[in-house]
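For reference, final_16.cif is printed below; it contains mmCIF, C-alpha atoms.
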```
data_model
#
loop_
_atom_site.group_PDB
_atom_site.id
_atom_site.type_symbol
_atom_site.label_atom_id
_atom_site.label_comp_id
_atom_site.auth_asym_id
_atom_site.auth_seq_id
_atom_site.Cartn_x
_atom_site.Cartn_y
_atom_site.Cartn_z
ATOM 1 C CA MET A 1 22.652 13.221 13.732
ATOM 2 C CA ALA A 2 21.460 16.499 12.159
ATOM 3 C CA THR A 3 23.972 19.318 12.483
ATOM 4 C CA ALA A 4 23.825 22.991 11.618
ATOM 5 C CA ALA A 5 26.588 24.339 9.388
ATOM 6 C CA PRO A 6 28.771 26.790 11.308
ATOM 7 C CA PRO A 7 28.466 30.462 10.305
ATOM 8 C CA ALA A 8 31.398 31.843 8.319
ATOM 9 C CA ALA A 9 32.556 34.057 11.184
ATOM 10 C CA SER A 10 32.787 31.175 13.617
ATOM 11 C CA ARG A 11 34.105 28.224 11.652
ATOM 12 C CA ILE A 12 37.350 27.794 13.589
ATOM 13 C CA ALA A 13 37.228 25.231 16.415
ATOM 14 C CA VAL A 14 40.173 24.866 18.806
ATOM 15 C CA VAL A 15 40.432 21.459 20.490
ATOM 16 C CA THR A 16 42.881 20.948 23.344
ATOM 17 C CA GLY A 17 44.272 17.535 24.229
ATOM 18 C CA ALA A 18 43.741 16.505 20.617
ATOM 19 C CA SER A 19 46.581 13.992 20.396
ATOM 20 C CA SER A 20 44.435 11.013 21.427
ATOM 21 C CA GLY A 21 41.148 9.797 22.844
ATOM 22 C CA ILE A 22 38.211 12.172 23.170
ATOM 23 C CA GLY A 23 40.157 15.140 21.828
ATOM 24 C CA ALA A 24 41.213 13.401 18.629
ATOM 25 C CA ALA A 25 37.716 11.991 18.065
ATOM 26 C CA THR A 26 36.160 15.421 18.647
ATOM 27 C CA ALA A 27 38.528 17.036 16.150
ATOM 28 C CA ARG A 28 37.539 14.494 13.497
ATOM 29 C CA GLN A 29 33.825 14.984 14.084
ATOM 30 C CA LEU A 30 33.913 18.791 14.221
ATOM 31 C CA ALA A 31 35.949 18.821 11.010
ATOM 32 C CA ALA A 32 33.338 16.596 9.361
ATOM 33 C CA ALA A 33 30.671 19.045 10.589
ATOM 34 C CA GLY A 34 32.354 21.865 8.662
ATOM 35 C CA TYR A 35 34.712 23.454 11.174
ATOM 36 C CA ARG A 36 38.327 24.346 10.493
ATOM 37 C CA VAL A 37 39.843 22.555 13.457
ATOM 38 C CA VAL A 38 42.984 23.636 15.268
ATOM 39 C CA LEU A 39 44.520 20.702 17.119
ATOM 40 C CA THR A 40 46.564 21.444 20.230
ATOM 41 C CA ALA A 41 48.513 19.092 22.479
ATOM 42 C CA ARG A 42 52.064 18.667 23.723
ATOM 43 C CA ARG A 43 52.797 15.733 21.392
ATOM 44 C CA LYS A 44 53.485 17.506 18.128
ATOM 45 C CA ASP A 45 53.936 14.340 16.071
ATOM 46 C CA ARG A 46 50.529 12.987 17.081
ATOM 47 C CA ILE A 47 48.565 16.120 16.241
ATOM 48 C CA GLU A 48 50.444 16.633 12.972
ATOM 49 C CA ALA A 49 49.540 13.091 11.921
ATOM 50 C CA LEU A 50 45.891 13.711 12.859
ATOM 51 C CA ALA A 51 45.838 17.000 10.941
ATOM 52 C CA GLU A 52 47.133 15.166 7.861
ATOM 53 C CA GLU A 53 44.470 12.475 8.279
ATOM 54 C CA ILE A 54 41.682 15.062 8.526
ATOM 55 C CA THR A 55 43.023 16.975 5.535
ATOM 56 C CA ARG A 56 43.193 13.797 3.438
ATOM 57 C CA ALA A 57 39.536 13.234 4.272
ATOM 58 C CA GLY A 58 38.737 16.548 2.595
ATOM 59 C CA HIS A 59 38.416 18.699 5.701
ATOM 60 C CA SER A 60 40.528 21.489 7.237
ATOM 61 C CA ALA A 61 42.908 20.980 10.164
ATOM 62 C CA THR A 62 46.000 22.637 11.615
ATOM 63 C CA ALA A 63 48.307 21.303 14.335
ATOM 64 C CA TYR A 64 49.805 23.561 17.011
ATOM 65 C CA ALA A 65 52.011 22.092 19.748
ATOM 66 C CA LEU A 66 50.878 23.624 23.041
ATOM 67 C CA ASP A 67 51.096 22.979 26.779
ATOM 68 C CA VAL A 68 47.883 24.404 28.216
ATOM 69 C CA THR A 69 49.567 24.998 31.589
ATOM 70 C CA ASP A 70 52.105 27.385 30.018
ATOM 71 C CA ARG A 71 50.286 30.720 30.134
ATOM 72 C CA ALA A 72 52.849 32.616 28.062
ATOM 73 C CA ALA A 73 52.616 29.988 25.310
ATOM 74 C CA VAL A 74 48.819 30.077 25.449
ATOM 75 C CA ASP A 75 48.771 33.866 25.127
ATOM 76 C CA GLU A 76 51.107 33.665 22.128
ATOM 77 C CA PHE A 77 48.877 31.000 20.557
ATOM 78 C CA ALA A 78 45.844 33.260 20.943
ATOM 79 C CA THR A 79 47.457 36.039 18.894
ATOM 80 C CA ALA A 80 47.089 33.867 15.787
ATOM 81 C CA PHE A 81 43.308 34.436 15.723
ATOM 82 C CA ARG A 82 41.013 37.378 15.160
ATOM 83 C CA THR A 83 37.927 35.306 15.909
ATOM 84 C CA ILE A 84 37.148 31.687 16.695
ATOM 85 C CA GLY A 85 33.822 29.919 16.953
ATOM 86 C CA VAL A 86 34.434 27.021 19.306
ATOM 87 C CA LEU A 87 36.854 26.193 22.112
ATOM 88 C CA VAL A 88 36.794 22.608 23.357
ATOM 89 C CA ASN A 89 38.666 22.444 26.662
ATOM 90 C CA ASN A 90 39.426 18.743 26.635
ATOM 91 C CA ALA A 91 43.024 18.569 27.937
ATOM 92 C CA GLY A 92 43.120 16.931 31.353
ATOM 93 C CA GLY A 93 43.417 13.508 32.912
ATOM 94 C CA ALA A 94 43.852 11.585 36.130
ATOM 95 C CA LEU A 95 46.960 10.544 38.037
ATOM 96 C CA GLY A 96 46.906 7.886 40.729
ATOM 97 C CA ALA A 97 44.129 6.334 42.778
ATOM 98 C CA ASP A 98 45.502 6.739 46.294
ATOM 99 C CA PRO A 99 43.386 7.725 49.302
ATOM 100 C CA VAL A 100 43.578 11.247 50.677
ATOM 101 C CA ALA A 101 45.819 10.074 53.526
ATOM 102 C CA THR A 102 48.613 8.976 51.158
ATOM 103 C CA GLY A 103 47.933 10.812 47.894
ATOM 104 C CA ASP A 104 50.898 12.402 46.151
ATOM 105 C CA PRO A 105 50.641 16.214 46.333
ATOM 106 C CA ASP A 106 52.585 16.473 43.068
ATOM 107 C CA ASP A 107 49.913 14.376 41.325
ATOM 108 C CA TRP A 108 47.188 16.572 42.805
ATOM 109 C CA ARG A 109 49.009 19.705 41.645
ATOM 110 C CA ARG A 110 49.506 18.390 38.109
ATOM 111 C CA MET A 111 45.840 17.382 37.821
ATOM 112 C CA TYR A 112 44.681 20.792 39.022
ATOM 113 C CA GLU A 113 47.055 22.618 36.696
ATOM 114 C CA THR A 114 45.908 20.659 33.639
ATOM 115 C CA ASN A 115 42.205 20.211 34.300
ATOM 116 C CA VAL A 116 41.476 23.599 35.873
ATOM 117 C CA LEU A 117 44.254 26.099 35.171
ATOM 118 C CA GLY A 118 44.702 24.797 31.622
ATOM 119 C CA THR A 119 41.009 25.359 30.997
ATOM 120 C CA LEU A 120 41.250 28.788 32.607
ATOM 121 C CA ASN A 121 44.270 29.744 30.481
ATOM 122 C CA LEU A 122 42.673 28.852 27.136
ATOM 123 C CA THR A 123 39.311 30.307 28.074
ATOM 124 C CA GLN A 124 40.740 33.625 29.216
ATOM 125 C CA ALA A 125 43.038 33.921 26.184
ATOM 126 C CA LEU A 126 40.379 33.047 23.608
ATOM 127 C CA LEU A 127 37.200 34.491 25.145
ATOM 128 C CA PRO A 128 37.608 37.872 23.359
ATOM 129 C CA LYS A 129 37.962 35.965 20.057
ATOM 130 C CA LEU A 130 34.836 33.934 20.812
ATOM 131 C CA ILE A 131 32.873 37.089 21.604
ATOM 132 C CA ALA A 132 34.184 38.752 18.442
ATOM 133 C CA SER A 133 32.805 35.889 16.341
ATOM 134 C CA GLY A 134 29.281 36.866 17.345
ATOM 135 C CA ASP A 135 28.417 33.208 17.890
ATOM 136 C CA GLY A 136 30.948 31.469 20.132
ATOM 137 C CA THR A 137 30.841 28.283 22.178
ATOM 138 C CA VAL A 138 33.066 27.246 25.079
ATOM 139 C CA VAL A 139 32.968 23.532 25.839
ATOM 140 C CA VAL A 140 34.396 22.189 29.087
ATOM 141 C CA VAL A 141 34.896 18.431 29.070
ATOM 142 C CA SER A 142 34.655 17.614 32.752
ATOM 143 C CA SER A 143 33.644 14.229 34.148
ATOM 144 C CA THR A 144 31.056 12.584 36.333
ATOM 145 C CA ALA A 145 33.892 12.921 38.874
ATOM 146 C CA GLY A 146 33.038 16.623 38.839
ATOM 147 C CA HIS A 147 29.595 15.844 40.235
ATOM 148 C CA ALA A 148 30.123 13.001 42.714
ATOM 149 C CA THR A 149 33.085 11.516 44.529
ATOM 150 C CA TYR A 150 34.451 8.014 45.011
ATOM 151 C CA GLU A 151 37.134 6.405 47.147
ATOM 152 C CA GLY A 152 40.620 6.683 45.754
ATOM 153 C CA GLY A 153 39.672 9.496 43.422
ATOM 154 C CA ALA A 154 39.847 12.634 45.565
ATOM 155 C CA GLY A 155 42.600 14.390 43.616
ATOM 156 C CA TYR A 156 40.921 13.876 40.258
ATOM 157 C CA VAL A 157 37.485 14.548 41.737
ATOM 158 C CA ALA A 158 38.696 17.839 43.218
ATOM 159 C CA ALA A 159 40.150 18.915 39.878
ATOM 160 C CA LYS A 160 37.030 18.015 37.912
ATOM 161 C CA HIS A 161 34.816 19.737 40.484
ATOM 162 C CA GLY A 162 36.962 22.794 39.784
ATOM 163 C CA ALA A 163 36.374 22.452 36.036
ATOM 164 C CA HIS A 164 32.624 22.098 36.624
ATOM 165 C CA VAL A 165 32.467 25.203 38.803
ATOM 166 C CA LEU A 166 34.560 27.168 36.299
ATOM 167 C CA ALA A 167 32.036 26.396 33.547
ATOM 168 C CA GLU A 168 29.031 27.109 35.755
ATOM 169 C CA THR A 169 30.417 30.439 36.961
ATOM 170 C CA LEU A 170 31.571 31.561 33.508
ATOM 171 C CA ARG A 171 28.061 30.999 32.183
ATOM 172 C CA LEU A 172 26.678 33.348 34.845
ATOM 173 C CA GLU A 173 29.339 35.970 34.286
ATOM 174 C CA ILE A 174 29.059 36.282 30.505
ATOM 175 C CA VAL A 175 25.299 35.975 30.099
ATOM 176 C CA GLY A 176 24.245 38.475 27.449
ATOM 177 C CA GLN A 177 27.409 37.922 25.423
ATOM 178 C CA PRO A 178 27.124 35.913 22.175
ATOM 179 C CA VAL A 179 28.897 32.910 23.714
ATOM 180 C CA ARG A 180 27.449 29.658 25.008
ATOM 181 C CA VAL A 181 29.098 27.678 27.808
ATOM 182 C CA VAL A 182 28.591 23.922 27.547
ATOM 183 C CA GLU A 183 29.764 21.275 30.001
ATOM 184 C CA ILE A 184 29.985 17.646 28.897
ATOM 185 C CA ALA A 185 30.591 15.245 31.781
ATOM 186 C CA PRO A 186 31.439 11.694 30.648
ATOM 187 C CA GLY A 187 31.360 8.668 32.898
ATOM 188 C CA MET A 188 33.295 5.493 32.121
ATOM 189 C CA VAL A 189 35.054 5.917 28.783
ATOM 190 C CA ARG A 190 37.502 3.308 27.502
ATOM 191 C CA THR A 191 40.331 4.971 25.587
ATOM 192 C CA ASP A 192 43.863 3.832 24.855
ATOM 193 C CA GLU A 193 45.512 6.100 27.403
ATOM 194 C CA PHE A 194 43.283 7.413 30.213
ATOM 195 C CA ALA A 195 43.498 4.533 32.687
ATOM 196 C CA LEU A 196 47.007 3.594 31.563
ATOM 197 C CA THR A 197 48.221 7.111 32.370
ATOM 198 C CA ARG A 198 46.367 7.129 35.665
ATOM 199 C CA PHE A 199 48.143 3.990 36.808
ATOM 200 C CA GLY A 200 51.589 4.971 35.606
ATOM 201 C CA GLY A 201 51.620 2.604 32.626
ATOM 202 C CA ASP A 202 50.472 -0.470 34.592
ATOM 203 C CA ALA A 203 48.389 -2.227 31.928
ATOM 204 C CA GLN A 204 46.971 -4.776 34.384
ATOM 205 C CA LYS A 205 45.580 -2.115 36.713
ATOM 206 C CA ALA A 206 44.269 -0.156 33.747
ATOM 207 C CA ALA A 207 42.438 -3.180 32.353
ATOM 208 C CA LYS A 208 40.696 -3.840 35.685
ATOM 209 C CA VAL A 209 38.877 -0.509 35.432
ATOM 210 C CA TYR A 210 36.816 -1.929 32.550
ATOM 211 C CA GLU A 211 36.818 -5.574 33.593
ATOM 212 C CA GLY A 212 33.427 -7.203 33.013
ATOM 213 C CA VAL A 213 31.856 -4.029 31.582
ATOM 214 C CA ALA A 214 30.372 -5.069 28.254
ATOM 215 C CA ASP A 215 30.228 -1.657 26.596
ATOM 216 C CA PRO A 216 31.969 1.304 28.200
ATOM 217 C CA LEU A 217 31.652 4.571 26.319
ATOM 218 C CA THR A 218 34.116 5.165 23.500
ATOM 219 C CA ALA A 219 35.907 8.368 22.564
ATOM 220 C CA ASP A 220 33.606 8.591 19.532
ATOM 221 C CA ASP A 221 30.529 8.418 21.776
ATOM 222 C CA VAL A 222 31.703 11.446 23.736
ATOM 223 C CA ALA A 223 32.836 13.288 20.596
ATOM 224 C CA ASP A 224 29.393 12.707 19.085
ATOM 225 C CA THR A 225 27.839 14.263 22.199
ATOM 226 C CA ILE A 226 30.173 17.280 22.051
ATOM 227 C CA THR A 227 29.525 17.805 18.341
ATOM 228 C CA TRP A 228 25.766 17.559 18.856
ATOM 229 C CA ALA A 229 25.884 20.198 21.602
ATOM 230 C CA VAL A 230 28.089 22.534 19.550
ATOM 231 C CA THR A 231 25.914 22.272 16.448
ATOM 232 C CA ARG A 232 22.599 23.123 18.120
ATOM 233 C CA PRO A 233 21.009 26.404 16.994
ATOM 234 C CA SER A 234 22.801 29.431 18.444
ATOM 235 C CA HIS A 235 20.065 30.202 20.970
ATOM 236 C CA VAL A 236 20.180 26.662 22.421
ATOM 237 C CA ASN A 237 22.703 26.141 25.247
ATOM 238 C CA ILE A 238 23.328 22.646 26.575
ATOM 239 C CA ASP A 239 24.348 23.765 30.065
ATOM 240 C CA LEU A 240 25.326 20.326 31.341
ATOM 241 C CA LEU A 241 25.135 16.904 29.771
ATOM 242 C CA ILE A 242 26.158 13.838 31.793
ATOM 243 C CA VAL A 243 26.758 10.791 29.615
ATOM 244 C CA ARG A 244 27.448 7.308 30.943
ATOM 245 C CA PRO A 245 27.373 3.794 29.525
ATOM 246 C CA ARG A 246 24.201 1.878 30.305
ATOM 247 C CA ALA A 247 26.200 -0.398 32.625
ATOM 248 C CA GLN A 248 27.194 2.501 34.885
ATOM 249 C CA ALA A 249 24.484 3.852 37.186
ATOM 250 C CA SER A 250 26.866 6.054 39.183
ATOM 251 C CA ASN A 251 30.575 6.486 39.844
ATOM 252 C CA THR A 252 30.400 3.624 42.319
ATOM 253 C CA LYS A 253 27.673 1.427 40.818
ATOM 254 C CA VAL A 254 28.763 -0.469 37.700
ATOM 255 C CA HIS A 255 27.340 -3.704 36.333
ATOM 256 C CA ARG A 256 30.134 -6.160 35.610
ATOM 257 C CA GLU A 257 29.402 -9.437 33.871
ATOM 258 C CA THR A 258 31.024 -12.559 35.244
ATOM 259 C CA ARG A 259 32.103 -15.531 33.192
#
```
Serialized structure, structure tokens:
Amino acid sequence: MATAAPPAASRIAVVTGASSGIGAATARQLAAAGYRVVLTARRKDRIEALAEEITRAGHSATAYALDVTDRAAVDEFATAFRTIGVLVNNAGGALGADPVATGDPDDWRRMYETNVLGTLNLTQALLPKLIASGDGTVVVVSSTAGHATYEGGAGYVAAKHGAHVLAETLRLEIVGQPVRVVEIAPGMVRTDEFALTRFGGDAQKAAKVYEGVADPLTADDVADTITWAVTRPSHVNIDLLIVRPRAQASNTKVHRETR
């Protein structure tokens, strides 16, 4: 994959939700592409270990423990920068798979706060720094759930639709500014934690999500897509890129092999 070296004024890339999965993989790949990555997540030990790994590989990384739903903490975090080049809004996730009739409002609230308000908080706090760089990029990692619904997913679908609309509207509102707004919407991605978290640690339920699917996407697949979009020439904006495994034709149509 050919990548363009980031300009000096925009070499800092902030990645939220960098403690595992897509966020961690994206941090590794952006660092390899020449960015000084700033890793944020609530789990300080995980991002510190990742920062050490990236540094040992000869790249630049800093860990900063941060809850994206805490606006005061986000605003304080933003004061550390004069400019940044890239913001990857990756923090998010799903909780539960109950129908609308019995869904837990607390789960819905937590998903909205992380997936939508967390993205809003970081974007608002860092947008002036992105503009100041003269060549900024905001990435919103949404989901195919932000573009089509499925039974048992309404809370997560609603949150990801919110993230999608946030990205789409921001792009309209800041046109003419030196900032691109990119949305990457992954389909089925097998990571260590996504499905396990969704089902409250029930490993059996989590495994069934991927049962019979030969090759779901990996975190590295999505990170590769994000890095490709970020490293396009400055005038090229990847508005929306939906990426699914070959076995998944839609949110509700997945080829599963039987033994």
Find the nearest atom pair between each residue of stretch 11-129 of chain A and stretch 136-157 of chain A for residues within 10 Å, count all atoms listed in the file, give distances in Å to one decimal, sort rows by chain and ascending number, and present the table as CSV.
```
residue,atom,partner,partner_atom,distance
A:Arg11,CA,A:Gly136,CA,9.6
A:Ile12,CA,A:Gly136,CA,9.9
A:Ala13,CA,A:Thr137,CA,9.1
A:Val14,CA,A:Val138,CA,9.8
A:Val15,CA,A:Val139,CA,9.4
A:Ile22,CA,A:Val141,CA,9.2
A:Gly23,CA,A:Val141,CA,9.5
A:Thr83,CA,A:Gly136,CA,9.0
A:Ile84,CA,A:Gly136,CA,7.1
A:Gly85,CA,A:Gly136,CA,4.6
A:Val86,CA,A:Thr137,CA,4.8
A:Leu87,CA,A:Val138,CA,4.9
A:Val88,CA,A:Val139,CA,4.7
A:Asn89,CA,A:Val140,CA,4.9
A:Asn90,CA,A:Val141,CA,5.2
A:Ala91,CA,A:Val141,CA,8.2
A:Gly92,CA,A:Ser142,CA,8.6
A:Gly93,CA,A:Tyr156,CA,7.8
A:Ala94,CA,A:Tyr156,CA,5.6
A:Leu95,CA,A:Tyr156,CA,7.2
A:Gly96,CA,A:Gly153,CA,7.9
A:Ala97,CA,A:Gly152,CA,4.6
A:Asp98,CA,A:Gly152,CA,4.9
A:Pro99,CA,A:Gly152,CA,4.6
A:Val100,CA,A:Ala154,CA,6.5
A:Ala101,CA,A:Gly152,CA,9.9
A:Thr102,CA,A:Gly152,CA,9.9
A:Gly103,CA,A:Gly155,CA,7.7
A:Asp104,CA,A:Gly155,CA,8.9
A:Pro105,CA,A:Gly155,CA,8.7
A:Asp107,CA,A:Gly155,CA,7.7
A:Trp108,CA,A:Gly155,CA,5.1
A:Arg109,CA,A:Gly155,CA,8.6
A:Arg110,CA,A:Gly155,CA,9.7
A:Met111,CA,A:Tyr156,CA,6.5
A:Tyr112,CA,A:Tyr156,CA,8.0
A:Asn115,CA,A:Ser142,CA,8.1
A:Val116,CA,A:Ser142,CA,9.6
A:Thr119,CA,A:Val140,CA,7.6
A:Leu122,CA,A:Val138,CA,10.0
A:Thr123,CA,A:Val138,CA,7.6
A:Leu126,CA,A:Val138,CA,9.4
A:Leu127,CA,A:Val138,CA,8.3
A:Pro128,CA,A:Gly136,CA,9.8
A:Lys129,CA,A:Gly136,CA,8.3
```
Query raised in the report: What does the PyMOL selection byres ((chain A and resi 210-220) around 12) select in this file, as a ChimeraX atom specification?
Result: /A:18,20-30,90,186-196,203-209,221-228,243-249,253-259
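Atom CA of A:Thr114 is found 20.7 Å from atom CA of A:Leu240.
Among the candidates A:Thr55, A:Asp67, A:Asn121, A:Ser60, the one nearest to A:Tyr35 when counting only C-alpha atoms is A:Ser60.
Residues matched by the PyMOL selection byres ((chain A and resi 174) around 12) in this file: Leu127, Pro128, Leu130, Ile131, Gly136, Thr137, Val138, Ala167, Glu168, Thr169, Leu170, Arg171, Leu172, Glu173, Val175, Gly176, Gln177, Pro178, Val179, Arg180 and Val181 of chain A.
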Report task. Apply the PyMOL selection byres ((chain A and resi 76) around 12) to the file shown and report the selected residues as a PyMOL selection string. Result -> chain A and resi 64-68+70-75+77-81+121-122+125-126
Report, as JSON, the axis-aligned box around all atoms of stretch 231-242 of chain A present in the file, extended by 6 Å on each side; give centre and edge lengths in Å to one decimal place.
```
{"center_x": 23.1, "center_y": 22.0, "center_z": 24.1, "size_x": 18.1, "size_y": 28.4, "size_z": 27.3}
```
With 10 Å as the cut-off and all atoms listed in the file counted, what is the closest atom pair between each nearby residue of stretch 16-135 of chain A and stretch 231-234 of chain A? Distances in Å to one decimal, ordered by chain and number, as a Markdown table.
```
| residue | atom | partner | partner_atom | distance |
| --- | --- | --- | --- | --- |
| A:Leu30 | CA | A:Thr231 | CA | 9.0 |
| A:Ala33 | CA | A:Thr231 | CA | 8.2 |
| A:Gly134 | CA | A:Ser234 | CA | 9.9 |
| A:Asp135 | CA | A:Ser234 | CA | 6.8 |
```
Query - d(atom CA of A:Ala159, atom CA of A:Ile242) in Å - result: 16.9 Å
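Across the structure, atom CA of A:Ala63 and atom CA of A:Asp239 are spaced 28.8 Å apart.
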Would it be fine to have stretch 131-140 of chain A, with all heavy atoms, given as a tab-separated table (two decimals), in the first residue's frame?
```tsv
chain	number	residue	atom	x	y	z
A	131	ILE	N	-7.64	22.35	12.22
A	131	ILE	CA	-7.65	23.46	11.27
A	131	ILE	C	-6.30	24.17	11.29
A	131	ILE	O	-5.74	24.52	10.23
A	131	ILE	CB	-8.80	24.44	11.62
A	131	ILE	CG1	-10.16	23.77	11.38
A	131	ILE	CG2	-8.68	25.73	10.79
A	131	ILE	CD1	-11.34	24.57	11.88
A	132	ALA	N	-5.75	24.36	12.48
A	132	ALA	CA	-4.46	25.06	12.61
A	132	ALA	C	-3.32	24.33	11.92
A	132	ALA	O	-2.34	24.95	11.50
A	132	ALA	CB	-4.13	25.27	14.08
A	133	SER	N	-3.45	23.02	11.76
A	133	SER	CA	-2.39	22.25	11.09
A	133	SER	C	-2.30	22.59	9.61
A	133	SER	O	-1.28	22.36	8.97
A	133	SER	CB	-2.64	20.75	11.24
A	133	SER	OG	-3.66	20.30	10.36
A	134	GLY	N	-3.40	23.08	9.04
A	134	GLY	CA	-3.44	23.37	7.62
A	134	GLY	C	-3.70	22.16	6.76
A	134	GLY	O	-3.84	22.28	5.54
A	135	ASP	N	-3.82	20.99	7.39
A	135	ASP	CA	-4.01	19.75	6.62
A	135	ASP	C	-4.51	18.66	7.56
A	135	ASP	O	-3.83	17.67	7.80
A	135	ASP	CB	-2.70	19.33	5.96
A	135	ASP	CG	-2.86	18.13	5.02
A	135	ASP	OD1	-4.00	17.87	4.59
A	135	ASP	OD2	-1.85	17.46	4.74
A	136	GLY	N	-5.70	18.85	8.10
A	136	GLY	CA	-6.22	17.92	9.11
A	136	GLY	C	-7.18	16.88	8.53
A	136	GLY	O	-7.74	17.07	7.45
A	137	THR	N	-7.34	15.80	9.28
A	137	THR	CA	-8.28	14.75	8.90
A	137	THR	C	-9.01	14.24	10.14
A	137	THR	O	-8.37	13.86	11.12
A	137	THR	CB	-7.57	13.55	8.23
A	137	THR	OG1	-6.83	13.99	7.10
A	137	THR	CG2	-8.59	12.50	7.78
A	138	VAL	N	-10.33	14.26	10.09
A	138	VAL	CA	-11.16	13.63	11.12
A	138	VAL	C	-11.67	12.31	10.55
A	138	VAL	O	-12.28	12.29	9.48
A	138	VAL	CB	-12.36	14.51	11.50
A	138	VAL	CG1	-13.26	13.79	12.51
A	138	VAL	CG2	-11.91	15.85	12.06
A	139	VAL	N	-11.40	11.24	11.26
A	139	VAL	CA	-11.93	9.93	10.88
A	139	VAL	C	-12.97	9.51	11.91
A	139	VAL	O	-12.71	9.56	13.12
A	139	VAL	CB	-10.83	8.86	10.81
A	139	VAL	CG1	-11.42	7.49	10.46
A	139	VAL	CG2	-9.75	9.24	9.81
A	140	VAL	N	-14.13	9.11	11.44
A	140	VAL	CA	-15.17	8.54	12.30
A	140	VAL	C	-15.30	7.07	11.93
A	140	VAL	O	-15.64	6.74	10.79
A	140	VAL	CB	-16.52	9.26	12.13
A	140	VAL	CG1	-17.61	8.56	12.94
A	140	VAL	CG2	-16.40	10.72	12.55
```
